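Here is the file data05.txt (compact mmCIF, C-alpha atoms).
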```txt
# COMPACT_ATOMS: atom_id res chain seq x y z
CA MET W 1 -6.20 -10.09 -30.13
CA LEU W 2 -8.42 -12.81 -28.67
CA PHE W 3 -6.52 -12.56 -25.36
CA ARG W 4 -7.15 -8.78 -25.16
CA LEU W 5 -10.85 -9.23 -25.93
CA ALA W 6 -11.15 -11.91 -23.28
CA PHE W 7 -9.33 -9.73 -20.74
CA ALA W 8 -11.61 -6.76 -21.47
CA PHE W 9 -14.67 -8.96 -21.11
CA VAL W 10 -13.52 -10.22 -17.72
CA ALA W 11 -12.83 -6.69 -16.49
CA MET W 12 -16.28 -5.50 -17.59
CA ALA W 13 -17.92 -8.51 -16.00
CA ALA W 14 -16.18 -7.74 -12.70
CA LEU W 15 -17.63 -4.23 -12.72
CA LEU W 16 -21.12 -5.55 -13.33
CA VAL W 17 -20.93 -8.30 -10.72
CA ASP W 18 -19.39 -6.26 -7.93
CA PRO W 19 -19.20 -2.55 -8.84
CA ILE W 20 -18.05 -1.40 -5.39
CA ASP W 21 -14.83 -3.36 -5.82
CA ALA W 22 -14.03 -1.25 -8.90
CA VAL W 23 -14.21 2.02 -6.97
CA ALA W 24 -10.93 2.93 -5.24
CA GLN W 25 -10.00 5.99 -3.25
CA ASP W 26 -9.13 8.91 -5.52
CA MET W 27 -7.79 11.88 -3.60
CA LEU W 28 -5.79 12.99 -6.66
CA ARG W 29 -8.85 14.19 -8.50
CA ASP W 30 -8.69 17.98 -8.99
CA VAL W 31 -5.39 18.21 -7.05
CA ASP W 32 -2.51 20.15 -8.62
CA LEU W 33 0.56 18.14 -7.65
CA ASN W 34 2.82 20.91 -9.00
CA SER W 35 1.35 23.60 -6.77
CA PRO W 36 3.48 25.17 -4.01
CA ASP W 37 1.28 23.44 -1.45
CA MET W 38 2.45 20.06 -2.78
CA THR W 39 6.07 20.84 -3.63
CA THR W 40 7.43 23.19 -0.96
CA SER W 41 8.34 22.99 2.71
CA GLU W 42 7.46 25.39 5.49
CA MET W 43 10.15 23.97 7.80
CA THR W 44 13.83 23.05 7.56
CA ARG W 45 15.27 19.71 8.58
CA ALA W 46 16.77 21.35 11.66
CA GLU W 47 13.36 22.73 12.69
CA VAL W 48 11.73 19.33 12.25
CA ASP W 49 14.49 17.69 14.28
CA THR W 50 14.07 20.28 17.05
CA LEU W 51 10.32 19.60 17.20
CA LEU W 52 10.92 15.86 17.41
CA GLU W 53 13.54 16.30 20.13
CA ALA W 54 11.17 18.51 22.16
CA ALA W 55 8.54 15.77 21.97
CA ARG W 56 11.05 13.21 23.23
CA GLN W 57 11.64 15.33 26.35
CA GLN W 58 7.96 15.10 27.33
CA PRO W 59 6.56 12.46 29.70
CA VAL W 60 6.01 9.11 28.00
CA ASN W 61 2.22 9.50 27.85
CA ARG W 62 2.59 12.91 26.11
CA ARG W 63 5.56 12.09 23.87
CA THR W 64 3.84 12.82 20.54
CA ALA W 65 5.24 15.12 17.88
CA ASP W 66 2.47 17.00 16.11
CA LEU W 67 3.18 17.70 12.44
CA GLU W 68 -0.39 17.49 11.25
CA GLY W 69 -0.91 19.23 7.90
CA LYS W 70 2.67 20.51 7.65
CA ARG W 71 4.30 21.03 4.24
CA LEU W 72 7.57 19.08 4.24
CA SER W 73 7.91 18.08 0.61
CA HIS W 74 11.36 17.69 -0.98
CA LEU W 75 13.11 17.79 2.43
CA ASP W 76 15.91 15.41 3.42
CA LEU W 77 14.55 13.91 6.64
CA SER W 78 16.45 10.64 6.40
CA GLY W 79 17.16 8.87 9.69
CA LEU W 80 14.79 10.97 11.82
CA ASP W 81 12.50 9.33 14.39
CA PHE W 82 8.80 10.20 13.97
CA SER W 83 7.62 7.23 16.04
CA GLY W 84 4.23 7.76 17.65
CA GLY W 85 3.87 11.13 15.95
CA ASN W 86 0.79 12.74 14.43
CA LEU W 87 1.54 13.23 10.72
CA ARG W 88 -2.04 13.29 9.53
CA LEU W 89 -2.40 15.24 6.26
CA VAL W 90 1.33 16.02 6.22
CA LYS W 91 2.86 16.57 2.78
CA LEU W 92 6.10 14.65 2.21
CA ASN W 93 6.08 14.39 -1.55
CA ARG W 94 9.53 13.49 -2.92
CA ALA W 95 10.99 13.74 0.56
CA SER W 96 14.02 11.62 1.46
CA LEU W 97 13.00 9.46 4.43
CA LYS W 98 15.62 6.75 4.14
CA GLY W 99 15.98 4.84 7.40
CA ALA W 100 13.44 7.11 9.15
CA ARG W 101 11.23 5.63 11.89
CA PHE W 102 7.46 5.96 11.89
CA ASP W 103 6.63 3.14 14.30
CA GLY W 104 3.09 3.63 15.61
CA ALA W 105 2.81 6.98 13.82
CA ILE W 106 -0.43 8.30 12.34
CA LEU W 107 0.02 9.03 8.62
CA ASN W 108 -3.65 9.07 7.70
CA GLN W 109 -4.40 11.04 4.50
CA ALA W 110 -0.74 12.04 4.27
CA TRP W 111 0.98 12.68 0.95
CA LEU W 112 4.16 10.73 0.21
CA ILE W 113 4.10 10.61 -3.57
CA ASP W 114 7.54 9.67 -4.95
CA ALA W 115 8.95 9.70 -1.39
CA ASP W 116 12.03 7.61 -0.63
CA LEU W 117 11.38 5.40 2.40
CA THR W 118 14.10 2.87 1.66
CA GLY W 119 14.84 0.92 4.83
CA ALA W 120 12.32 2.96 6.85
CA SER W 121 10.39 1.46 9.77
CA LEU W 122 6.60 1.86 9.85
CA VAL W 123 5.78 -0.91 12.30
CA ARG W 124 2.12 -0.67 13.39
CA ALA W 125 1.78 2.70 11.63
CA SER W 126 -1.64 3.92 10.49
CA LEU W 127 -1.79 4.65 6.75
CA LEU W 128 -5.46 5.30 6.04
CA GLY W 129 -6.17 7.05 2.74
CA THR W 130 -2.47 7.83 2.39
CA GLN W 131 -1.14 8.73 -1.07
CA MET W 132 2.12 6.86 -1.74
CA GLN W 133 2.19 6.38 -5.50
CA ARG W 134 5.66 5.41 -6.77
CA ALA W 135 7.13 5.58 -3.26
CA ARG W 136 10.35 3.65 -2.71
CA LEU W 137 10.01 1.22 0.18
CA GLY W 138 12.72 -1.31 -0.56
CA GLY W 139 13.54 -3.20 2.64
CA ALA W 140 11.07 -1.09 4.66
CA ASN W 141 9.30 -2.65 7.66
CA LEU W 142 5.52 -2.22 7.67
CA SER W 143 4.79 -5.18 9.93
CA GLY W 144 1.42 -4.90 11.65
CA ALA W 145 0.59 -1.62 9.90
CA ARG W 146 -2.98 -0.69 8.95
CA ILE W 147 -2.84 0.30 5.31
CA THR W 148 -5.58 1.59 3.02
CA ALA W 149 -3.01 3.60 1.09
CA ASP W 150 -2.55 3.99 -2.65
CA LEU W 151 0.82 2.40 -3.35
CA SER W 152 0.38 2.13 -7.10
CA GLY W 153 3.73 1.72 -8.83
CA ALA W 154 5.60 1.63 -5.51
CA SER W 155 8.91 -0.22 -5.25
CA MET W 156 8.65 -2.54 -2.26
CA ILE W 157 11.32 -5.12 -3.03
CA GLY W 158 12.13 -7.09 0.10
CA ALA W 159 9.69 -5.06 2.22
CA LYS W 160 8.30 -6.60 5.42
CA LEU W 161 4.51 -6.57 5.71
CA GLY W 162 4.02 -9.55 8.00
CA GLY W 163 0.67 -9.27 9.79
CA ALA W 164 -0.15 -5.98 8.04
CA ASP W 165 -3.82 -5.21 7.36
CA LEU W 166 -4.48 -3.94 3.81
CA SER W 167 -8.08 -5.09 3.70
CA ALA W 168 -11.02 -2.93 2.70
CA ASP W 169 -12.53 -0.75 5.40
CA MET W 170 -16.15 -1.83 5.00
CA ARG W 171 -17.30 0.73 7.57
CA ASN W 172 -16.05 3.69 5.53
CA GLN W 173 -17.37 3.55 1.99
CA SER W 174 -18.75 7.08 1.52
CA MET W 175 -15.83 7.95 -0.82
CA GLY W 176 -15.56 4.53 -2.45
CA MET W 177 -13.60 1.44 -1.57
CA MET W 178 -10.90 2.26 0.97
CA ARG W 179 -8.33 -0.54 0.75
CA GLY W 180 -4.71 -1.24 0.04
CA VAL W 181 -4.03 -0.39 -3.61
CA LEU W 182 -0.83 -1.88 -5.00
CA ASN W 183 -1.45 -1.71 -8.73
CA SER W 184 1.81 -2.52 -10.57
CA ALA W 185 3.71 -2.39 -7.27
CA ASP W 186 7.01 -4.27 -7.13
CA LEU W 187 6.79 -6.70 -4.21
CA ARG W 188 9.44 -9.15 -5.29
CA ASN W 189 10.94 -11.02 -2.31
CA ALA W 190 8.58 -9.17 0.05
CA ASP W 191 7.32 -10.83 3.23
CA LEU W 192 3.52 -10.61 3.44
CA SER W 193 3.09 -13.67 5.65
CA GLY W 194 -0.13 -13.53 7.64
CA ALA W 195 -1.17 -10.24 6.06
CA ASN W 196 -4.85 -9.42 5.53
CA LEU W 197 -5.23 -8.60 1.83
CA SER W 198 -8.98 -9.15 1.63
CA ARG W 199 -10.33 -7.04 -1.25
CA ALA W 200 -6.91 -5.44 -1.73
CA ASP W 201 -6.07 -4.33 -5.27
CA LEU W 202 -2.89 -6.03 -6.54
CA GLU W 203 -3.57 -5.79 -10.25
CA PHE W 204 -0.36 -6.42 -12.25
CA ALA W 205 1.69 -6.50 -9.01
CA LYS W 206 5.07 -8.20 -9.12
CA LEU W 207 5.03 -10.87 -6.42
CA GLN W 208 7.81 -13.13 -7.63
CA ASN W 209 9.34 -15.07 -4.73
CA ALA W 210 7.16 -13.18 -2.24
CA ASN W 211 6.09 -14.85 0.99
CA LEU W 212 2.28 -14.92 1.05
CA ALA W 213 1.98 -17.78 3.52
CA ASN W 214 -1.31 -17.72 5.45
CA CYS W 215 -2.43 -14.52 3.74
CA ASN W 216 -6.10 -13.66 3.50
CA LEU W 217 -6.49 -13.01 -0.23
CA SER W 218 -10.26 -13.39 -0.29
CA ARG W 219 -11.89 -11.18 -2.93
CA ALA W 220 -8.52 -9.57 -3.70
CA ASN W 221 -7.79 -8.37 -7.22
CA LEU W 222 -4.79 -10.27 -8.59
CA VAL W 223 -5.58 -9.72 -12.24
CA GLY W 224 -2.36 -9.91 -14.25
CA ALA W 225 -0.23 -10.30 -11.10
CA ASP W 226 3.00 -12.33 -11.27
CA LEU W 227 3.03 -14.93 -8.48
CA SER W 228 5.79 -17.10 -9.89
CA ASP W 229 7.86 -18.81 -7.17
CA ALA W 230 5.70 -17.21 -4.44
CA ASN W 231 5.07 -19.06 -1.17
CA LEU W 232 1.30 -19.51 -1.01
CA ALA W 233 1.04 -22.11 1.75
CA GLY W 234 -2.18 -21.53 3.69
CA ALA W 235 -3.22 -18.52 1.57
CA ASP W 236 -6.99 -18.14 1.23
CA PHE W 237 -8.17 -17.58 -2.37
CA THR W 238 -11.92 -17.38 -1.76
CA GLU W 239 -13.36 -15.32 -4.66
CA THR W 240 -9.90 -13.94 -5.51
CA ASP W 241 -9.79 -12.69 -9.11
CA LEU W 242 -6.96 -14.52 -10.86
CA ALA W 243 -7.65 -13.52 -14.47
CA SER W 244 -4.33 -13.48 -16.37
CA ALA W 245 -2.37 -13.96 -13.13
CA LEU W 246 0.84 -15.97 -13.49
CA LEU W 247 0.65 -18.73 -10.89
CA PRO W 248 3.50 -20.79 -9.47
CA GLY W 249 3.81 -24.52 -10.09
CA ALA W 250 1.37 -27.15 -8.86
CA ALA W 251 3.46 -27.95 -5.78
CA ALA W 252 3.21 -24.34 -4.55
CA LEU W 253 -0.58 -24.37 -5.02
CA ALA W 254 -1.12 -27.67 -3.23
CA ASP W 255 -1.23 -26.11 0.25
CA THR W 256 -3.44 -23.12 -0.59
CA ARG W 257 -6.96 -22.78 0.75
CA ASN W 258 -10.12 -22.42 -1.35
CA LEU W 259 -8.28 -22.11 -4.65
CA ASP W 260 -11.25 -23.86 -6.25
CA LYS W 261 -13.40 -20.91 -5.14
CA ALA W 262 -11.22 -18.31 -6.87
CA ARG W 263 -12.70 -16.30 -9.72
CA ASN W 264 -11.38 -16.71 -13.26
CA LEU W 265 -9.01 -19.51 -12.24
CA ASN W 266 -9.47 -20.90 -15.74
CA LEU W 267 -8.00 -17.67 -17.14
CA ALA W 268 -4.89 -17.75 -14.94
CA ARG W 269 -1.56 -18.48 -16.60
CA ARG W 270 0.55 -21.45 -15.61
CA PRO W 271 4.33 -21.80 -15.77
CA ASN W 272 5.65 -23.40 -18.97
```

Go through the file and emit its structure as structure tokens.
Amino acid sequence: MLFRLAFAFVAMAALLVDPIDAVAQDMLRDVDLNSPDMTTSEMTRAEVDTLLEAARQQPVNRRTADLEGKRLSHLDLSGLDFSGGNLRLVKLNRASLKGARFDGAILNQAWLIDADLTGASLVRASLLGTQMQRARLGGANLSGARITADLSGASMIGAKLGGADLSADMRNQSMGMMRGVLNSADLRNADLSGANLSRADLEFAKLQNANLANCNLSRANLVGADLSDANLAGADFTETDLASALLPGAAALADTRNLDKARNLNLARRPN
């Protein structure tokens, strides 16, 4: 009981101290996820493949497939190559995208709720304001991607996010804090080395055995996150909220940066 009261007090204090950090993107408000617009497709797999193939026949500087705003939910598009394509506002809810390629693609404000991107490649993709709740990204490659997506509850076991930028977009705050949101995401064994997670929301994320070497975790929300056995060498914890976070052993914390400047370090949990 005392633990719950203390946790609630810390959460309320965070809102009072820095209210903007408590405001995340919320495109789901007033959206009917069961509507035909969110659950149906206006194209077949064959038609999508034909469009992609036509784009590949264009000169290199014009080789961009345009699927902006298309409804492609529930389709099996596994293995297709969308690299460099414009998929802004596309709807791919519950689509099968296993092994698909989105390298350098624009997926801003796209909808990929419950999509299966297992083993997909999204190297240097743009995922701004993208809705990816509960997406499956096991083994996916998001290296160098720009991500202010909502990945709450996503399965990202073994995913590659080296050099990815999930930090808050401080230039675009008209709709609230636009940042990487990974609440309760499963990032066990994921590689986030060198990633920018400044102000990212990782509340209750599973980060066991994850590689967070040289990560920028400044002002990130790691409340309740599990960091046991994580590699934190060179990670910057300036003003990182560690309330109720499970930290690795002392040896793993020895090479971190600015851990003494983290918030609520006294409320973090230590291994038994």

Where does range 94-168 of chain W meet range 174-194 of chain W within 7 Å, residue by residue, with the nearest atom pair and distance in Å to one decimal for each, counting all atoms listed in the file, listed by chain and rising number, as a Markdown table?
```
| residue | atom | partner | partner_atom | distance |
| --- | --- | --- | --- | --- |
| W:Gly129 | CA | W:Met178 | CA | 7.0 |
| W:Ile147 | CA | W:Gly180 | CA | 5.8 |
| W:Thr148 | CA | W:Arg179 | CA | 4.2 |
| W:Ala149 | CA | W:Gly180 | CA | 5.2 |
| W:Asp150 | CA | W:Val181 | CA | 4.7 |
| W:Leu151 | CA | W:Leu182 | CA | 4.9 |
| W:Ser152 | CA | W:Asn183 | CA | 4.6 |
| W:Gly153 | CA | W:Ala185 | CA | 4.4 |
| W:Ala154 | CA | W:Ala185 | CA | 4.8 |
| W:Ser155 | CA | W:Asp186 | CA | 4.9 |
| W:Met156 | CA | W:Leu187 | CA | 5.0 |
| W:Ile157 | CA | W:Leu187 | CA | 4.9 |
| W:Gly158 | CA | W:Ala190 | CA | 4.1 |
| W:Ala159 | CA | W:Ala190 | CA | 4.8 |
| W:Lys160 | CA | W:Asp191 | CA | 4.9 |
| W:Leu161 | CA | W:Leu192 | CA | 4.7 |
| W:Gly162 | CA | W:Leu192 | CA | 4.7 |
| W:Gly163 | CA | W:Gly194 | CA | 4.8 |
| W:Leu166 | CA | W:Gly180 | CA | 4.6 |
| W:Ser167 | CA | W:Arg179 | CA | 5.4 |
| W:Ala168 | CA | W:Arg179 | CA | 4.1 |
```

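Of the residues listed (W:Gln131, W:Asn216, W:Asn211, W:Asn93), W:Asn211 shows the shortest atom-to-atom separation from Ala230 in chain W; distances use only C-alpha atoms.
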
Distance of CA of Asn221 in chain W from CA of Asp201 in chain W, expressed in Å to one decimal place | 4.8 Å

Quick one: residues within 12 Å of Glu47 in chain W, all atoms listed in the file, excluding same-chain residues fewer than 5 positions away - as a PDB file with C-alpha atoms, in the coordinates of the input?
```
ATOM      1  CA  SER W  41       8.340  22.990   2.710  1.00  0.00           C
ATOM      2  CA  GLU W  42       7.460  25.390   5.490  1.00  0.00           C
ATOM      3  CA  LEU W  52      10.920  15.860  17.410  1.00  0.00           C
ATOM      4  CA  GLU W  53      13.540  16.300  20.130  1.00  0.00           C
ATOM      5  CA  ALA W  54      11.170  18.510  22.160  1.00  0.00           C
ATOM      6  CA  LEU W  67       3.180  17.700  12.440  1.00  0.00           C
ATOM      7  CA  LEU W  72       7.570  19.080   4.240  1.00  0.00           C
ATOM      8  CA  LEU W  75      13.110  17.790   2.430  1.00  0.00           C
ATOM      9  CA  LEU W  77      14.550  13.910   6.640  1.00  0.00           C
ATOM     10  CA  LEU W  80      14.790  10.970  11.820  1.00  0.00           C
TER      11      LEU W  80
END
```

Quote the spacing between CA of Ala245 in chain W and CA of Asn196 in chain W in Å to one decimal place.
-> 19.4 Å

CA of Ser126 in chain W to CA of Ala235 in chain W, straight-line distance in Å |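 Answer for the CA of Ala235 in chain W to CA of Ser126 in chain W separation: 24.2 Å.
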
So for range 181-186 of chain W, what box centre and size do we get, axis-aligned, 4 Å extra on each of the six sides, every listed atom, Å to one decimal, as lines of an AutoDock Vina configuration file?
```
center_x = 1.5
center_y = -2.3
center_z = -7.1
size_x = 19.0
size_y = 11.9
size_z = 15.0
```

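Every protein, DNA or RNA residue with an atom at most 12 Å from Thr39 in chain W, where all atoms listed in the file count and chain neighbours fewer than 5 positions away do not, is listed here: Asp32, Leu33, Asn34, Lys70, Arg71, Leu72, Ser73, His74, Leu75, Val90, Lys91, Leu92, Asn93, Arg94, Ala95, Trp111, Leu112, Ile113, Asp114 and Ala115 of chain W.
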
What's the 7 Å shell around Leu107 in chain W, counting only C-alpha atoms, without same-chain residues fewer than 5 positions away, as an NGL selection string?
-> :W and (86-88 or 126-127 or 130)

Out of W:Asp81, W:Asp169, W:Asp226, W:Asp66, which residue has the shortest atom-to-atom distance to Pro248 in chain W when counting only C-alpha atoms?
->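 Answer, going by the shortest atom-to-atom distance: W:Asp226.
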
Have a look at W:Met43, W:Ala135, W:Ile106, W:Leu247 and name the one nearest to Ala268 in chain W; count only C-alpha atoms.
-> W:Leu247

Can you list, as JSON, numbers by chain, every protein, DNA or RNA residue that comes within 12 Å of Arg270 in chain W when you count all atoms listed in the file, leaving out same-chain residues fewer than 6 positions away?
-> {"W": [224, 226, 227, 228, 229, 242, 243, 244, 245, 246, 247, 248, 249, 250, 252, 253]}

Among the residues W:Gln133, W:Thr64, W:Ser143, W:Asn214, the one that comes closest to Arg257 in chain W [using all atoms listed in the file] =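 For Arg257 in chain W, the nearest of the candidates is W:Asn214.
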